[in-house]
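Beneath this line is the structure, given in structure tokens, with notes to follow.
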Amino acid sequence: MEREIIELFRRHLKLQGDLPLGDDAGAIMLGDEWLVATNDMLVRKTDVPDIMTPEQVGFKVVTMNVSDVAAMGARPAGFLFSLGVPRDIEMDYLEGVAEGIGKALEFYGVPVLSADTNEADDLIIDGIALGRTKRLLTRSGARPGDLVCITGDIGRALAGLLAWKHEPDVPAGTRRALYEKLLEPRARVPEGIELSELANAAIDVSDGPSKELHLLAQMSGVRIEVEAQKLPIKDEVRAVAEALGLDPIEMALASGEEFELIFTIPENLLDECPVRCTVIGRVLKGAGVYITIDGKRQEMPVLGWEHLNREVKGTYR
């Protein structure tokens, strides 16, 4: 349903910026630079697990917005937000959210430019991030011959959520490592800025690596092939998958709000790339996304978060 709503509005929004809607952020040219702008909303009922502190909520609102800016290869330049507040909210909780937003702004080195507040039925924080870049990264720039790479590791956010929900028998240290990504993710801002010089395409992992790979392939008009054994999946994710009888590869591909960057880069530029990353596949001529598991190539299912369905598509409900 989320995609249908987006398409409904796109049909009516004829006047768009220099970059058509559909990327992590929008952009317009100002002089010789791109001004990048994005907005991303957090709703407590659907986006905040009970174990998340108000400080973590505030920090995450900034993270999820500057991550979109980073995926476009831009340096964050400002943050704005609107706050919807229910009448019965505790002021201590709101103070924690404010503290988290303040700490995140300091962490990313981004000034707050404006804010607004109003009454709502639930706590809603709608953030906006602005950024600037000379060279824009988009989802449509992948070219045949590119390598497909990803920063960091994948799977811990979803594994942490499932560990909290189902309490599998795993060591406390495993749970801590998972909760770090679930509750305190960090945007890859320096990496996005560096990739703006070398990469052809990029997208941040907000809804799940599988969905992001499908978006890259679709918008670039290419085929992407991924090697399952190359996916950066930590042992802690595999431990939760084993305890719950789930597939760790599917778990990693469905894990959203990782805020890692998936990007494509010409193979001859990989040695020049200063970003620590893992090469997980290639871009080819054609269409679709495929994954090789135990020597067998197959179509990659579309796994990941769907708003309004309130579930993770695939195995994880």
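Ordered as shown in the structure tokens, chains take letters A, B, and onward, while each chain numbers its residues from 1 and ligands are numbered from 1 in the order shown.
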
Considering only C-alpha atoms, tabulate each residue of region 10-65 of chain A that lies at most 12 Å from region 79-100 of chain A along with its nearest interatomic pair and the corresponding distance in Å to one decimal; arrange the rows by chain and ascending residue number and present them as CSV.
residue,atom,partner,partner_atom,distance
A:Val36,CA,A:Phe79,CA,11.8
A:Ala37,CA,A:Phe79,CA,9.7
A:Thr38,CA,A:Phe79,CA,9.8
A:Asn39,CA,A:Phe81,CA,8.8
A:Asp40,CA,A:Phe81,CA,9.5
A:Met41,CA,A:Phe81,CA,9.2
A:Leu42,CA,A:Leu83,CA,9.8
A:Val43,CA,A:Gly84,CA,9.2
A:Arg44,CA,A:Val85,CA,10.5
A:Met52,CA,A:Val97,CA,10.9
A:Thr53,CA,A:Gly96,CA,7.8
A:Pro54,CA,A:Val97,CA,4.7
A:Glu55,CA,A:Gly100,CA,4.1
A:Gln56,CA,A:Gly100,CA,6.0
A:Val57,CA,A:Val97,CA,6.1
A:Gly58,CA,A:Gly100,CA,4.3
A:Phe59,CA,A:Gly100,CA,4.5
A:Lys60,CA,A:Gly100,CA,8.0
A:Val61,CA,A:Gly100,CA,8.9
A:Val62,CA,A:Phe79,CA,7.7
A:Thr63,CA,A:Gly100,CA,10.6
A:Met64,CA,A:Phe79,CA,11.5
A:Asn65,CA,A:Phe79,CA,8.4

All residues 8 Å or closer to region 69-72 of chain A, only C-alpha atoms, same chain fewer than 4 positions away omitted, as a list in words: Asp24, Ala25, Val36, Ala37, Thr38, Asn65, Pro76, Ala129, Leu130, Gly131, Leu136, Leu137, Thr138, Ala187, Arg188, Val189, Pro190, Glu191, Gly192, Ile193, Ser196, Ala202, Ile203, Asp204 and Leu261 of chain A

Export N, CA, C and O atoms of the chosen residues as a short mmCIF file (atom, residue, chain, number, x, y, z; two decimals), in the first residue's frame?
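Everything below was put into out.cif:
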data_model
loop_
_atom_site.label_atom_id
_atom_site.label_comp_id
_atom_site.auth_asym_id
_atom_site.auth_seq_id
_atom_site.Cartn_x
_atom_site.Cartn_y
_atom_site.Cartn_z
N ASP A 24 16.90 8.83 -2.64
CA ASP A 24 16.91 8.99 -1.19
C ASP A 24 16.54 10.41 -0.79
O ASP A 24 15.97 10.64 0.28
N ALA A 25 16.87 11.37 -1.65
CA ALA A 25 16.56 12.77 -1.39
C ALA A 25 16.31 13.47 -2.71
O ALA A 25 16.62 12.94 -3.78
N VAL A 36 20.71 19.40 -1.64
CA VAL A 36 20.01 18.14 -1.42
C VAL A 36 19.07 18.31 -0.23
O VAL A 36 19.45 18.90 0.79
N ALA A 37 17.85 17.80 -0.35
CA ALA A 37 16.87 17.92 0.74
C ALA A 37 16.09 16.62 0.87
O ALA A 37 15.70 16.00 -0.11
N THR A 38 15.87 16.21 2.11
CA THR A 38 15.10 15.00 2.38
C THR A 38 14.26 15.20 3.62
O THR A 38 14.55 16.05 4.46
N ASN A 65 17.60 10.89 8.74
CA ASN A 65 17.55 11.95 7.74
C ASN A 65 18.93 12.25 7.14
O ASN A 65 19.05 12.37 5.92
N PRO A 76 25.96 17.00 5.03
CA PRO A 76 24.81 17.62 5.70
C PRO A 76 25.08 19.08 6.06
O PRO A 76 26.16 19.42 6.53
N ALA A 129 16.47 17.12 6.43
CA ALA A 129 17.91 17.36 6.38
C ALA A 129 18.28 17.98 5.04
O ALA A 129 17.73 17.60 4.00
N LEU A 130 19.18 18.94 5.07
CA LEU A 130 19.70 19.58 3.88
C LEU A 130 21.18 19.23 3.73
O LEU A 130 21.89 19.00 4.72
N GLY A 131 21.65 19.20 2.48
CA GLY A 131 23.05 18.92 2.24
C GLY A 131 23.52 19.56 0.95
O GLY A 131 22.72 20.06 0.16
N LEU A 136 26.49 14.54 -7.57
CA LEU A 136 25.34 13.87 -6.97
C LEU A 136 25.40 12.36 -7.22
O LEU A 136 25.69 11.91 -8.33
N LEU A 137 25.12 11.58 -6.19
CA LEU A 137 24.94 10.14 -6.35
C LEU A 137 23.44 9.84 -6.38
O LEU A 137 22.68 10.36 -5.58
N THR A 138 23.03 8.98 -7.31
CA THR A 138 21.62 8.63 -7.43
C THR A 138 21.46 7.12 -7.49
O THR A 138 22.43 6.37 -7.57
N ALA A 187 24.64 6.97 10.83
CA ALA A 187 24.65 7.22 9.39
C ALA A 187 26.09 7.27 8.88
O ALA A 187 27.00 7.72 9.59
N ARG A 188 26.30 6.82 7.65
CA ARG A 188 27.63 6.79 7.04
C ARG A 188 27.92 8.10 6.31
O ARG A 188 28.10 8.14 5.09
N VAL A 189 27.98 9.17 7.09
CA VAL A 189 28.15 10.49 6.49
C VAL A 189 29.54 10.68 5.85
O VAL A 189 29.64 11.07 4.68
N PRO A 190 30.65 10.42 6.55
CA PRO A 190 31.96 10.59 5.90
C PRO A 190 32.10 9.71 4.66
O PRO A 190 32.67 10.15 3.65
N GLU A 191 31.56 8.49 4.74
CA GLU A 191 31.66 7.58 3.60
C GLU A 191 30.90 8.12 2.40
O GLU A 191 31.37 8.04 1.25
N GLY A 192 29.70 8.66 2.64
CA GLY A 192 28.92 9.21 1.53
C GLY A 192 29.63 10.36 0.84
O GLY A 192 29.63 10.47 -0.39
N ILE A 193 30.27 11.22 1.64
CA ILE A 193 31.01 12.36 1.07
C ILE A 193 32.17 11.86 0.21
O ILE A 193 32.41 12.36 -0.91
N SER A 196 31.12 10.30 -3.16
CA SER A 196 30.63 11.22 -4.19
C SER A 196 31.67 11.45 -5.28
O SER A 196 31.33 11.83 -6.40
N ALA A 202 24.32 5.04 -5.46
CA ALA A 202 24.30 4.71 -4.03
C ALA A 202 22.87 4.77 -3.51
O ALA A 202 22.01 5.44 -4.07
N ILE A 203 22.66 4.06 -2.41
CA ILE A 203 21.37 4.05 -1.72
C ILE A 203 21.65 3.64 -0.28
O ILE A 203 22.57 2.86 -0.01
N ASP A 204 20.90 4.19 0.68
CA ASP A 204 21.11 3.76 2.07
C ASP A 204 20.15 2.64 2.41
O ASP A 204 19.08 2.50 1.82
N LEU A 261 25.51 1.97 3.51
CA LEU A 261 25.40 2.42 2.13
C LEU A 261 25.71 1.28 1.18
O LEU A 261 26.76 0.64 1.30
#

DSSP alpha helix (DSSP H) selection over region 36-279 of chain A, as a count of residues only: 99

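Residue neighbourhood of region 263-265 of chain A, excluding near-sequence residues (fewer than 4 positions): A:Ala142, A:Asp146, A:Leu147, A:Val148, A:Cys149, A:Ala199, A:Asn200, A:Ala201, A:Ala202, at 6 Å, using only C-alpha atoms.
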
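Taking CA of Val237 (chain A) and CA of Met300 (chain A) as endpoints, the distance between them is 19.7 Å.
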
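Minimum atom-to-atom distances from A:Ala217, A:Lys211, A:Ala239, A:Cys277 to Ser255 (chain A) were compared using only C-alpha atoms, and the lowest value belongs to A:Lys211.
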
I'd like a table as JSON lines: residues in region 107-205 of chain A with an atom no more than 10 Å from region 244-247 of chain A, each row giving the shortest atom pair and its distance in Å to one decimal, only C-alpha atoms counted, sorted by chain and rising residue number.
{"residue": "A:Ala159", "atom": "CA", "partner": "A:Leu244", "partner_atom": "CA", "distance": 10.0}
{"residue": "A:Leu162", "atom": "CA", "partner": "A:Leu244", "partner_atom": "CA", "distance": 8.7}
{"residue": "A:Ala163", "atom": "CA", "partner": "A:Leu244", "partner_atom": "CA", "distance": 8.9}
{"residue": "A:His166", "atom": "CA", "partner": "A:Leu244", "partner_atom": "CA", "distance": 8.3}
{"residue": "A:Glu167", "atom": "CA", "partner": "A:Leu244", "partner_atom": "CA", "distance": 9.4}
{"residue": "A:Pro168", "atom": "CA", "partner": "A:Leu244", "partner_atom": "CA", "distance": 6.7}
{"residue": "A:Asp169", "atom": "CA", "partner": "A:Leu244", "partner_atom": "CA", "distance": 9.1}

Could you write out the selected residues, including all heavy atoms, as a PDB file, in the first residue's frame?
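Below is the file that was written, selection.pdb:
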ATOM      1  N   ALA A 159      17.888  -8.803  13.531  1.00  0.00           N
ATOM      2  CA  ALA A 159      18.200  -9.842  14.513  1.00  0.00           C
ATOM      3  C   ALA A 159      17.983  -9.331  15.932  1.00  0.00           C
ATOM      4  O   ALA A 159      17.479 -10.054  16.801  1.00  0.00           O
ATOM      5  CB  ALA A 159      19.638 -10.327  14.334  1.00  0.00           C
ATOM      6  N   LEU A 162      14.211  -9.210  16.588  1.00  0.00           N
ATOM      7  CA  LEU A 162      13.673 -10.553  16.822  1.00  0.00           C
ATOM      8  C   LEU A 162      14.145 -11.117  18.161  1.00  0.00           C
ATOM      9  O   LEU A 162      13.406 -11.833  18.838  1.00  0.00           O
ATOM     10  CB  LEU A 162      14.082 -11.479  15.677  1.00  0.00           C
ATOM     11  CG  LEU A 162      13.495 -11.137  14.308  1.00  0.00           C
ATOM     12  CD1 LEU A 162      14.068 -12.061  13.241  1.00  0.00           C
ATOM     13  CD2 LEU A 162      11.974 -11.232  14.330  1.00  0.00           C
ATOM     14  N   ALA A 163      15.381 -10.787  18.551  1.00  0.00           N
ATOM     15  CA  ALA A 163      15.880 -11.233  19.853  1.00  0.00           C
ATOM     16  C   ALA A 163      15.079 -10.606  20.981  1.00  0.00           C
ATOM     17  O   ALA A 163      14.795 -11.248  22.003  1.00  0.00           O
ATOM     18  CB  ALA A 163      17.362 -10.878  19.980  1.00  0.00           C
ATOM     19  N   HIS A 166      11.380 -12.322  20.779  1.00  0.00           N
ATOM     20  CA  HIS A 166      11.224 -13.760  20.997  1.00  0.00           C
ATOM     21  C   HIS A 166      12.131 -14.339  22.073  1.00  0.00           C
ATOM     22  O   HIS A 166      12.001 -15.518  22.421  1.00  0.00           O
ATOM     23  CB  HIS A 166      11.450 -14.506  19.676  1.00  0.00           C
ATOM     24  CG  HIS A 166      10.526 -14.070  18.580  1.00  0.00           C
ATOM     25  ND1 HIS A 166       9.169 -14.289  18.623  1.00  0.00           N
ATOM     26  CD2 HIS A 166      10.768 -13.414  17.417  1.00  0.00           C
ATOM     27  CE1 HIS A 166       8.602 -13.804  17.512  1.00  0.00           C
ATOM     28  NE2 HIS A 166       9.555 -13.258  16.780  1.00  0.00           N
ATOM     29  N   GLU A 167      13.065 -13.539  22.607  1.00  0.00           N
ATOM     30  CA  GLU A 167      13.942 -13.967  23.698  1.00  0.00           C
ATOM     31  C   GLU A 167      14.610 -15.320  23.435  1.00  0.00           C
ATOM     32  O   GLU A 167      14.486 -16.258  24.238  1.00  0.00           O
ATOM     33  CB  GLU A 167      13.132 -14.047  25.008  1.00  0.00           C
ATOM     34  CG  GLU A 167      12.652 -12.708  25.528  1.00  0.00           C
ATOM     35  CD  GLU A 167      13.788 -11.834  26.038  1.00  0.00           C
ATOM     36  OE1 GLU A 167      14.813 -12.389  26.463  1.00  0.00           O
ATOM     37  OE2 GLU A 167      13.635 -10.603  25.979  1.00  0.00           O
ATOM     38  N   PRO A 168      15.327 -15.476  22.312  1.00  0.00           N
ATOM     39  CA  PRO A 168      16.031 -16.734  22.066  1.00  0.00           C
ATOM     40  C   PRO A 168      17.175 -16.917  23.064  1.00  0.00           C
ATOM     41  O   PRO A 168      17.648 -15.949  23.675  1.00  0.00           O
ATOM     42  CB  PRO A 168      16.564 -16.566  20.645  1.00  0.00           C
ATOM     43  CG  PRO A 168      16.734 -15.090  20.500  1.00  0.00           C
ATOM     44  CD  PRO A 168      15.603 -14.476  21.268  1.00  0.00           C
ATOM     45  N   ASP A 169      17.630 -18.129  23.207  1.00  0.00           N
ATOM     46  CA  ASP A 169      18.710 -18.446  24.143  1.00  0.00           C
ATOM     47  C   ASP A 169      20.049 -18.119  23.481  1.00  0.00           C
ATOM     48  O   ASP A 169      20.678 -18.970  22.848  1.00  0.00           O
ATOM     49  CB  ASP A 169      18.650 -19.922  24.527  1.00  0.00           C
ATOM     50  CG  ASP A 169      19.685 -20.274  25.595  1.00  0.00           C
ATOM     51  OD1 ASP A 169      20.227 -19.336  26.225  1.00  0.00           O
ATOM     52  OD2 ASP A 169      19.968 -21.475  25.781  1.00  0.00           O
TER      53      ASP A 169
END

When you look at Gln218 (chain A) with a cut-off of 9 Å (counting only C-alpha atoms), what residues show up, excluding the ones that are within fewer than 5 positions of it in the same chain? I need them as a PDB file with C-alpha atoms, in the first residue's frame.
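Output saved as around_19.pdb:
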ATOM      1  CA  ARG A 139      19.900   5.264  -7.610  1.00  0.00           C
ATOM      2  CA  SER A 140      19.937   5.392 -11.403  1.00  0.00           C
ATOM      3  CA  LEU A 213      19.230  -3.718  -4.461  1.00  0.00           C
ATOM      4  CA  ARG A 223      20.919  -6.610 -13.648  1.00  0.00           C
ATOM      5  CA  ALA A 287      17.274  -6.659 -15.444  1.00  0.00           C
ATOM      6  CA  GLY A 288      16.469  -8.002 -11.987  1.00  0.00           C
ATOM      7  CA  VAL A 289      18.468  -9.029  -8.930  1.00  0.00           C
TER       8      VAL A 289
END

Top pick for closest residue to Ile249 (chain A), considering A:Ile150, A:Val112, A:Val226, A:Val283 and counting only C-alpha atoms: A:Val226

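Considering only C-alpha atoms, the residue among A:Leu182, A:Ile262, A:Leu161, A:Met219 positioned nearest to Ala241 (chain A) is A:Leu161.
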
Atomic distance CA of Asn118 (chain A) - CA of Asp50 (chain A), expressed in Å with one decimal: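 Separating CA of Asn118 (chain A) from CA of Asp50 (chain A) is a distance of 23.6 Å.
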